[in-house]
$ cat start-v5.txt   # compact mmCIF, C-alpha atoms
# COMPACT_ATOMS: atom_id res chain seq x y z
CA MET E 1 -1.00 132.09 -10.23
CA ALA E 2 -4.00 131.06 -8.15
CA ASP E 3 -4.32 127.47 -7.02
CA ALA E 4 -7.59 126.97 -8.94
CA PRO E 5 -8.65 129.09 -11.93
CA THR E 6 -11.85 131.06 -11.42
CA ARG E 7 -13.92 133.00 -13.93
CA HIS E 8 -17.07 134.99 -13.27
CA THR E 9 -18.08 136.28 -16.69
CA GLY E 10 -20.54 133.45 -17.44
CA THR E 11 -19.13 133.17 -20.98
CA ALA E 12 -17.31 130.20 -22.48
CA PRO E 13 -13.58 130.21 -21.63
CA THR E 14 -11.21 131.24 -24.40
CA ILE E 15 -7.64 130.44 -25.26
CA ARG E 16 -6.73 133.85 -23.81
CA ASP E 17 -8.18 132.83 -20.44
CA VAL E 18 -6.03 129.70 -20.41
CA ALA E 19 -2.95 131.65 -21.47
CA ALA E 20 -3.49 134.35 -18.82
CA LEU E 21 -3.88 131.86 -15.99
CA ALA E 22 -0.91 129.80 -17.20
CA GLY E 23 1.26 132.89 -17.66
CA VAL E 24 2.14 132.05 -21.26
CA ALA E 25 1.33 133.31 -24.76
CA THR E 26 -1.78 132.05 -26.58
CA SER E 27 0.52 130.49 -29.20
CA THR E 28 2.09 128.39 -26.44
CA VAL E 29 -1.34 127.18 -25.34
CA SER E 30 -2.16 126.26 -28.94
CA ARG E 31 1.07 124.29 -29.31
CA ALA E 32 0.64 122.55 -25.97
CA LEU E 33 -2.83 121.30 -26.89
CA SER E 34 -2.17 120.35 -30.52
CA ASN E 35 1.59 119.58 -30.61
CA PRO E 36 2.60 118.65 -27.05
CA ASP E 37 6.07 117.48 -27.99
CA ARG E 38 6.95 121.09 -28.94
CA VAL E 39 6.33 122.41 -25.41
CA ASN E 40 8.35 121.49 -22.32
CA ARG E 41 6.65 119.00 -20.01
CA VAL E 42 6.13 121.30 -17.00
CA THR E 43 4.53 124.06 -19.08
CA ARG E 44 2.43 121.57 -21.04
CA GLU E 45 1.07 119.89 -17.92
CA ARG E 46 0.22 123.26 -16.34
CA ILE E 47 -1.67 124.33 -19.48
CA GLU E 48 -3.51 121.00 -19.70
CA LYS E 49 -4.55 121.24 -16.04
CA ILE E 50 -5.88 124.78 -16.42
CA ALA E 51 -7.68 123.95 -19.67
CA ALA E 52 -9.38 120.98 -18.01
CA GLU E 53 -10.40 123.01 -14.94
CA LEU E 54 -11.87 125.75 -17.13
CA ASN E 55 -13.57 123.19 -19.42
CA TYR E 56 -11.90 125.04 -22.25
CA VAL E 57 -12.96 123.87 -25.72
CA PRO E 58 -10.48 124.70 -28.53
CA SER E 59 -11.85 126.74 -31.40
CA SER E 60 -11.44 123.77 -33.73
CA GLN E 61 -13.96 122.00 -31.53
CA ALA E 62 -16.48 124.80 -31.96
CA ARG E 63 -16.00 124.78 -35.72
CA GLY E 64 -16.80 121.10 -35.64
CA LEU E 65 -20.43 121.88 -34.85
CA SER E 66 -20.92 123.27 -38.34
CA SER E 67 -18.49 120.99 -40.15
CA GLY E 68 -20.15 117.71 -39.26
CA ARG E 69 -17.36 116.59 -36.94
CA THR E 70 -18.10 114.39 -33.96
CA ASN E 71 -15.24 115.64 -31.75
CA ALA E 72 -14.43 112.01 -31.00
CA ILE E 73 -11.30 109.99 -31.80
CA ALA E 74 -11.25 106.19 -31.83
CA LEU E 75 -8.29 104.26 -30.42
CA LEU E 76 -8.12 100.66 -31.64
CA VAL E 77 -5.98 98.17 -29.70
CA PRO E 78 -5.57 94.41 -30.33
CA ASP E 79 -6.13 93.39 -26.69
CA VAL E 80 -7.39 95.83 -24.07
CA THR E 81 -6.39 93.41 -21.28
CA ASN E 82 -2.70 93.58 -22.25
CA PRO E 83 -1.00 95.98 -19.79
CA PHE E 84 1.21 97.28 -22.62
CA TYR E 85 -1.74 99.24 -23.95
CA PHE E 86 -2.67 100.80 -20.59
CA ASP E 87 -0.13 103.62 -20.94
CA ILE E 88 -1.02 104.19 -24.59
CA ILE E 89 -4.68 104.53 -23.59
CA ARG E 90 -3.76 106.94 -20.78
CA GLY E 91 -1.50 109.02 -23.01
CA THR E 92 -3.99 109.37 -25.85
CA GLN E 93 -6.93 110.05 -23.54
CA ASN E 94 -5.17 112.80 -21.56
CA GLN E 95 -3.99 114.50 -24.73
CA LEU E 96 -7.37 114.25 -26.46
CA LYS E 97 -9.19 115.57 -23.40
CA ALA E 98 -6.89 118.59 -23.29
CA ALA E 99 -7.62 119.23 -26.97
CA GLY E 100 -11.38 118.98 -26.47
CA TYR E 101 -11.96 115.51 -27.91
CA THR E 102 -13.59 112.39 -26.53
CA GLN E 103 -11.75 109.07 -26.82
CA LEU E 104 -13.57 105.96 -28.05
CA LEU E 105 -11.75 102.74 -27.12
CA VAL E 106 -12.17 99.60 -29.23
CA ASP E 107 -10.68 96.15 -28.54
CA THR E 108 -10.19 94.43 -31.91
CA GLU E 109 -9.32 91.07 -30.32
CA GLU E 110 -6.13 90.51 -32.38
CA SER E 111 -8.34 90.32 -35.49
CA ALA E 112 -7.51 92.17 -38.70
CA GLU E 113 -11.07 91.54 -39.90
CA MET E 114 -12.58 93.15 -36.79
CA GLU E 115 -10.19 96.07 -37.07
CA ALA E 116 -11.14 96.71 -40.70
CA ASP E 117 -14.84 96.32 -39.91
CA THR E 118 -14.55 98.81 -37.04
CA LEU E 119 -12.92 101.39 -39.31
CA ARG E 120 -15.76 101.06 -41.81
CA LYS E 121 -18.56 101.21 -39.25
CA MET E 122 -17.12 104.14 -37.29
CA GLN E 123 -16.40 106.50 -40.18
CA ARG E 124 -19.33 108.69 -39.13
CA THR E 125 -18.73 108.19 -35.41
CA ALA E 126 -15.11 109.34 -35.15
CA ASP E 127 -13.18 112.18 -36.74
CA GLY E 128 -10.01 110.11 -36.81
CA PHE E 129 -8.40 106.87 -35.70
CA ILE E 130 -5.29 105.83 -33.81
CA LEU E 131 -4.35 102.22 -34.56
CA ALA E 132 -2.08 100.64 -31.96
CA ALA E 133 -0.12 97.63 -33.26
CA SER E 134 -2.46 97.36 -36.23
CA ARG E 135 -2.97 93.89 -37.69
CA LEU E 136 -4.20 95.27 -41.03
CA SER E 137 -2.53 94.32 -44.30
CA ASP E 138 -0.76 97.08 -46.24
CA ALA E 139 -3.56 97.14 -48.83
CA THR E 140 -6.33 97.44 -46.24
CA LEU E 141 -4.45 100.11 -44.32
CA ALA E 142 -3.86 102.08 -47.52
CA GLU E 143 -7.56 101.96 -48.36
CA ALA E 144 -8.55 103.06 -44.86
CA ALA E 145 -6.03 105.91 -44.75
CA ALA E 146 -7.31 107.23 -48.07
CA ASN E 147 -10.77 107.75 -46.55
CA GLN E 148 -10.08 108.97 -43.02
CA ALA E 149 -7.46 110.51 -40.76
CA ILE E 150 -5.31 107.74 -39.29
CA VAL E 151 -2.14 107.51 -37.21
CA THR E 152 -0.52 104.17 -36.40
CA ILE E 153 1.54 103.18 -33.37
CA ASN E 154 4.11 100.42 -33.82
CA ARG E 155 3.03 99.70 -37.38
CA SER E 156 5.19 101.29 -40.04
CA SER E 157 3.25 102.52 -43.04
CA SER E 158 3.80 104.86 -45.97
CA TYR E 159 0.07 105.54 -45.98
CA ALA E 160 -0.35 107.10 -42.54
CA PRO E 161 1.80 108.97 -40.00
CA THR E 162 3.43 106.56 -37.58
CA VAL E 163 4.78 106.52 -34.04
CA MET E 164 7.44 103.82 -33.81
CA ILE E 165 8.75 102.28 -30.61
CA ASP E 166 12.31 101.27 -31.36
CA THR E 167 12.13 97.69 -30.11
CA PRO E 168 14.46 96.48 -32.89
CA GLY E 169 17.10 98.69 -31.27
CA ALA E 170 16.28 97.14 -27.92
CA VAL E 171 16.68 93.65 -29.41
CA ILE E 172 20.26 94.57 -30.24
CA GLN E 173 20.78 95.74 -26.65
CA ALA E 174 19.33 92.44 -25.39
CA LEU E 175 21.67 90.42 -27.60
CA GLU E 176 24.66 92.44 -26.40
CA HIS E 177 23.59 91.80 -22.82
CA LEU E 178 23.17 88.06 -23.33
CA THR E 179 26.41 87.58 -25.22
CA SER E 180 28.26 89.52 -22.51
CA LEU E 181 26.96 86.86 -20.11
CA GLY E 182 28.43 84.11 -22.29
CA HIS E 183 25.27 82.95 -24.10
CA SER E 184 25.86 81.64 -27.62
CA ARG E 185 22.64 79.60 -28.12
CA ILE E 186 19.72 81.98 -28.16
CA CYS E 187 16.08 81.38 -29.09
CA TYR E 188 13.57 83.93 -30.39
CA VAL E 189 10.06 83.25 -29.05
CA GLY E 190 7.70 84.76 -31.60
CA GLY E 191 4.37 86.52 -31.23
CA PRO E 192 1.40 86.63 -33.62
CA SER E 193 2.19 86.04 -37.28
CA SER E 194 0.01 89.07 -38.14
CA SER E 195 2.10 91.38 -35.95
CA TRP E 196 4.29 93.84 -37.86
CA SER E 197 6.48 94.46 -34.81
CA ASN E 198 7.02 90.72 -34.39
CA ALA E 199 8.38 90.51 -37.93
CA LYS E 200 10.68 93.49 -37.33
CA ARG E 201 12.04 92.05 -34.07
CA TRP E 202 12.70 88.68 -35.69
CA LYS E 203 14.51 90.26 -38.65
CA THR E 204 16.74 92.28 -36.31
CA PHE E 205 17.37 89.18 -34.19
CA ASP E 206 18.20 87.06 -37.25
CA ASP E 207 20.50 89.66 -38.82
CA GLU E 208 22.37 90.44 -35.61
CA THR E 209 22.86 86.84 -34.51
CA ARG E 210 24.20 85.89 -37.96
CA ASP E 211 26.71 88.74 -37.76
CA ARG E 212 27.78 87.58 -34.31
CA GLY E 213 28.07 83.92 -35.28
CA LEU E 214 25.58 82.74 -32.67
CA THR E 215 23.59 79.50 -32.73
CA THR E 216 19.94 80.49 -32.90
CA SER E 217 16.46 79.03 -33.12
CA ARG E 218 12.92 80.33 -33.45
CA VAL E 219 9.71 79.01 -31.94
CA GLY E 220 6.13 80.19 -32.37
CA PRO E 221 4.00 81.96 -33.34
CA PHE E 222 2.32 82.27 -29.96
CA ALA E 223 -0.56 84.43 -28.79
CA PRO E 224 0.88 87.31 -26.72
CA LYS E 225 -0.72 86.09 -23.48
CA MET E 226 0.45 84.45 -20.26
CA THR E 227 -1.63 81.37 -21.11
CA SER E 228 0.63 80.74 -24.11
CA GLY E 229 3.71 80.71 -21.92
CA ALA E 230 3.64 76.99 -21.10
CA ALA E 231 3.73 75.91 -24.74
CA ALA E 232 6.34 78.55 -25.52
CA ALA E 233 8.58 77.41 -22.67
CA ASP E 234 8.34 73.74 -23.67
CA ALA E 235 9.22 74.62 -27.27
CA ALA E 236 12.15 76.80 -26.21
CA VAL E 237 13.59 74.08 -23.92
CA ARG E 238 13.57 71.59 -26.83
CA THR E 239 15.84 73.89 -28.86
CA GLY E 240 18.67 73.56 -26.36
CA ALA E 241 19.00 77.35 -26.08
CA THR E 242 20.39 78.84 -22.89
CA ALA E 243 18.62 82.18 -23.38
CA CYS E 244 15.41 83.45 -24.97
CA ILE E 245 14.29 86.82 -26.31
CA VAL E 246 10.50 86.78 -26.06
CA PHE E 247 7.95 88.78 -28.09
CA ASN E 248 6.32 90.39 -25.06
CA ASP E 249 6.30 90.37 -21.27
CA LEU E 250 3.01 88.49 -20.86
CA LEU E 251 4.35 85.57 -22.85
CA ALA E 252 7.68 85.75 -20.99
CA ILE E 253 5.99 85.73 -17.56
CA GLY E 254 3.97 82.68 -18.62
CA MET E 255 7.24 81.01 -19.61
CA LEU E 256 8.77 81.75 -16.20
CA GLN E 257 5.87 79.97 -14.51
CA ARG E 258 6.20 76.91 -16.74
CA LEU E 259 9.98 76.69 -16.37
CA ARG E 260 9.59 76.79 -12.60
CA GLU E 261 7.04 73.94 -12.79
CA ARG E 262 9.54 71.87 -14.77
CA GLY E 263 12.36 72.53 -12.34
CA ILE E 264 14.33 74.56 -14.87
CA ARG E 265 16.03 77.40 -13.00
CA VAL E 266 15.95 80.98 -14.28
CA PRO E 267 18.51 82.35 -14.83
CA GLU E 268 20.88 79.53 -13.81
CA ASP E 269 19.66 77.14 -16.54
CA MET E 270 17.96 79.55 -18.93
CA SER E 271 17.83 83.34 -19.21
CA ILE E 272 14.66 85.14 -20.32
CA VAL E 273 14.28 88.64 -21.82
CA GLY E 274 10.81 90.11 -22.35
CA CYS E 275 9.57 93.22 -24.11
CA ASP E 276 7.38 96.18 -23.02
CA ASP E 277 8.22 96.48 -19.28
CA ILE E 278 4.55 96.14 -18.33
CA PHE E 279 3.23 96.68 -14.82
CA GLY E 280 4.17 93.57 -12.87
CA ALA E 281 7.30 92.71 -14.84
CA ASP E 282 9.38 93.54 -11.77
CA PHE E 283 7.05 91.62 -9.42
CA CYS E 284 7.30 88.16 -11.00
CA ASN E 285 9.74 85.47 -9.85
CA PRO E 286 12.42 86.19 -10.82
CA PRO E 287 11.90 89.84 -11.84
CA LEU E 288 11.92 90.07 -15.64
CA THR E 289 14.70 91.61 -17.70
CA THR E 290 12.84 93.47 -20.43
CA MET E 291 12.91 96.11 -23.16
CA ALA E 292 11.32 99.38 -22.03
CA SER E 293 10.14 102.55 -23.77
CA PRO E 294 8.08 105.71 -23.04
CA ILE E 295 4.71 104.18 -23.94
CA GLU E 296 2.49 106.97 -22.61
CA GLN E 297 4.50 109.55 -24.55
CA ALA E 298 3.95 107.49 -27.71
CA GLY E 299 0.20 107.92 -27.20
CA ARG E 300 0.55 111.66 -26.73
CA VAL E 301 2.65 112.05 -29.86
CA ALA E 302 0.18 109.98 -31.88
CA VAL E 303 -2.60 112.38 -30.88
CA SER E 304 -0.56 115.43 -31.92
CA MET E 305 0.10 113.85 -35.32
CA LEU E 306 -3.59 113.07 -35.77
CA LEU E 307 -4.69 116.58 -34.78
CA ALA E 308 -2.25 117.94 -37.34
CA GLN E 309 -4.21 116.03 -40.01
CA LEU E 310 -7.58 117.19 -38.73
CA ASP E 311 -6.63 120.86 -38.45
CA PRO E 312 -3.46 121.54 -40.46
CA LEU E 313 -3.94 125.33 -40.35
CA ARG E 314 -3.55 125.35 -36.56
CA SER E 315 -0.65 122.94 -36.51
CA ALA E 316 2.97 123.59 -37.36
CA SER E 317 3.73 119.87 -37.35
CA SER E 318 3.42 117.74 -40.47
CA ARG E 319 5.87 114.98 -39.63
CA ARG E 320 5.12 111.46 -40.78
CA LEU E 321 7.35 109.52 -38.39
CA ALA E 322 8.21 109.77 -34.72
CA VAL E 323 10.55 107.24 -33.10
CA MET E 324 10.38 106.54 -29.36
CA PRO E 325 13.70 105.42 -27.81
CA THR E 326 14.03 102.13 -25.94
CA HIS E 327 16.37 100.72 -23.35
CA LEU E 328 17.03 97.38 -21.73
CA THR E 329 16.04 97.09 -18.06
CA VAL E 330 18.15 94.33 -16.53
CA ARG E 331 16.60 92.34 -13.67
CA GLY E 332 16.90 88.86 -12.24
CA SER E 333 15.73 86.73 -15.17
CA THR E 334 19.09 86.95 -16.99
CA GLY E 335 22.41 85.61 -15.79
CA SER E 336 25.58 83.90 -16.91
CA ALA E 337 25.30 81.05 -19.40
CA PRO E 338 25.40 77.60 -17.77
CA GLN E 339 28.69 75.75 -18.03
CA GLN E 340 28.78 73.19 -20.84
CA GLY E 341 28.97 69.53 -19.85
$ encode --input "start-v5.txt" --output "structure tokens"
Amino acid sequence: MADAPTRHTGTAPTIRDVAALAGVATSTVSRALSNPDRVNRVTRERIEKIAAELNYVPSSQARGLSSGRTNAIALLVPDVTNPFYFDIIRGTQNQLKAAGYTQLLVDTEESAEMEADTLRKMQRTADGFILAASRLSDATLAEAAANQAIVTINRSSSYAPTVMIDTPGAVIQALEHLTSLGHSRICYVGGPSSSWSNAKRWKTFDDETRDRGLTTSRVGPFAPKMTSGAAAADAAVRTGATACIVFNDLLAIGMLQRLRERGIRVPEDMSIVGCDDIFGADFCNPPLTTMASPIEQAGRVAVSMLLAQLDPLRSASSRRLAVMPTHLTVRGSTGSAPQQG
């Protein structure tokens, strides 16, 4: 295959052109651009690269000209400055570009009202919506999903297809890690009260610690930002816990800074576990033990599920739930429980 695809016909590239240059069948190209999880990564990336270089527009895109479609998809995130969403944004944008769509990014500022208002105002602007960590109530989400194509990420719903990141499973891994280090007094540091994932993590934490006979506490809610870390750290210290599982990495990194200011050593006096494994989690002092998952892949899968709604005839996928695995990345912020007395 040539290093760079070239065409000299002067006509718009077709799916056959992409398939010929990629050395695959047209059906493989179709799957790679609409259901990427059904094609192996190397083949998918080669097809995406060739499609982008040819400026190939899928036939569904052309049909959109007469169907009133905008060929744009809106991605709504609660806080665009949170590094957790960087990989989701990258994953959705790359996949949408390969499928011939433009991504519209909206920061809803942790506000359910702004999120709902955006969905109403953009009905004519976007063909569909991907809602990352949606703050909408079940009733509002049900109403929105009845009127437009929607996929959620990290927000379970019976009204729209969902991509779940299995952080409850990672909470169990974190508890196993901490108890293996001798911790028996563990605090959960909560995120926003409107966060569905926060509620799920707390329930898993509460159920598992009860089963294990641990002494637990809960502080929060706190905004999922570094600036909330000082208040979160002070509250956690008052509980007498020797270890904390924290809603997200930003909050956990803010706690590390505050604990250092107070002369409380991490992990000698208190262990900290974050969530998300954001960029910079391994650069802080000490490096943060955290729950990690394939965030960019979650964005890609969300796009494939949305495209299946928009063009079901071209898609063989109709699944309603995809679960992304998680794992605990152990670094320097966790250590053996301090000796009593």
$ residues_around --input "start-v5.txt" --residues "region 198-211 of chain E" --least-positions-apart "6" --cutoff "9 Å" --atoms "only C-alpha atoms" --output "VMD selection string"
chain E and resid 167 to 169 171 to 172 175 186 188 to 192 218 245 247
$ atom_distance --input "start-v5.txt" --atom1 "CA of Asn154 (chain E)" --atom2 "CA of Trp196 (chain E)"
7.7 Å
$ residues_around --input "start-v5.txt" --residues "Gly299 (chain E)" --least-positions-apart "4" --cutoff "7 Å" --atoms "only C-alpha atoms" --output "PyMOL selection string"
chain E and resi 88-89+91-92+295+303
$ residues_around --input "start-v5.txt" --residues "region 276-289 of chain E" --least-positions-apart "4" --cutoff "6 Å" --atoms "only C-alpha atoms" --output "PyMOL selection string"
chain E and resi 83-84+329-333
$ closest_residue --input "start-v5.txt" --among "E:Ala302, E:Ala99, E:Ser184, E:Thr125" --to "Thr162 (chain E)" --atoms "all atoms listed in the file"
E:Ala302
$ residues_around --input "start-v5.txt" --residues "Arg46 (chain E)" --least-positions-apart "3" --cutoff "12 Å" --atoms "all atoms listed in the file" --output "list in words"
Met1, Asp3, Ala4, Pro5, Val18, Ala19, Ala20, Leu21, Ala22, Gly23, Val24, Thr28, Val29, Ala32, Leu33, Pro36, Val39, Asn40, Arg41, Val42, Thr43, Lys49, Ile50, Ala51, Ala52, Glu53 and Ala98 of chain E
$ atom_distance --input "start-v5.txt" --atom1 "CA of Ser134 (chain E)" --atom2 "CA of Ser157 (chain E)"
10.3 Å
$ residues_around --input "start-v5.txt" --residues "Ala133 (chain E)" --least-positions-apart "6" --cutoff "8 Å" --atoms "only C-alpha atoms" --output "list in words"
Val77, Pro78, Thr152, Ile153, Asn154, Arg155, Ser195, Trp196 and Ser197 of chain E
$ closest_residue --input "start-v5.txt" --among "E:Lys225, E:Arg238, E:Arg258, E:Lys97" --to "Asn71 (chain E)" --atoms "all atoms listed in the file"
E:Lys97
$ closest_residue --input "start-v5.txt" --among "E:Ala72, E:Met305, E:Met255, E:Val80" --to "Ala236 (chain E)" --atoms "only C-alpha atoms"
E:Met255
$ atom_distance --input "start-v5.txt" --atom1 "CA of Thr179 (chain E)" --atom2 "CA of Met324 (chain E)"
25.2 Å
$ residues_near_point --input "start-v5.txt" --point "(10.3, 107.3, -27.1)" --cutoff "8 Å" --atoms "all atoms listed in the file" --output "tab-separated table (two decimals) with C-alpha atoms, in the coordinates of the input"
chain	number	residue	atom	x	y	z
E	165	ILE	CA	8.75	102.28	-30.61
E	166	ASP	CA	12.31	101.27	-31.36
E	293	SER	CA	10.14	102.55	-23.77
E	294	PRO	CA	8.08	105.71	-23.04
E	295	ILE	CA	4.71	104.18	-23.94
E	297	GLN	CA	4.50	109.55	-24.55
E	298	ALA	CA	3.95	107.49	-27.71
E	323	VAL	CA	10.55	107.24	-33.10
E	324	MET	CA	10.38	106.54	-29.36
E	325	PRO	CA	13.70	105.42	-27.81
E	326	THR	CA	14.03	102.13	-25.94
$ closest_residue --input "start-v5.txt" --among "E:Leu131, E:Ala25, E:Ala337, E:Ala170" --to "Leu119 (chain E)" --atoms "all atoms listed in the file"
E:Leu131
$ residues_near_point --input "start-v5.txt" --point "(14.0, 84.7, -18.7)" --cutoff "8 Å" --atoms "all atoms listed in the file" --output "list of chain:residue names"
E:Ala243, E:Cys244, E:Ile245, E:Ala252, E:Met255, E:Leu256, E:Val266, E:Pro267, E:Met270, E:Ser271, E:Ile272, E:Val273, E:Gly274, E:Leu288, E:Thr289, E:Ser333, E:Thr334
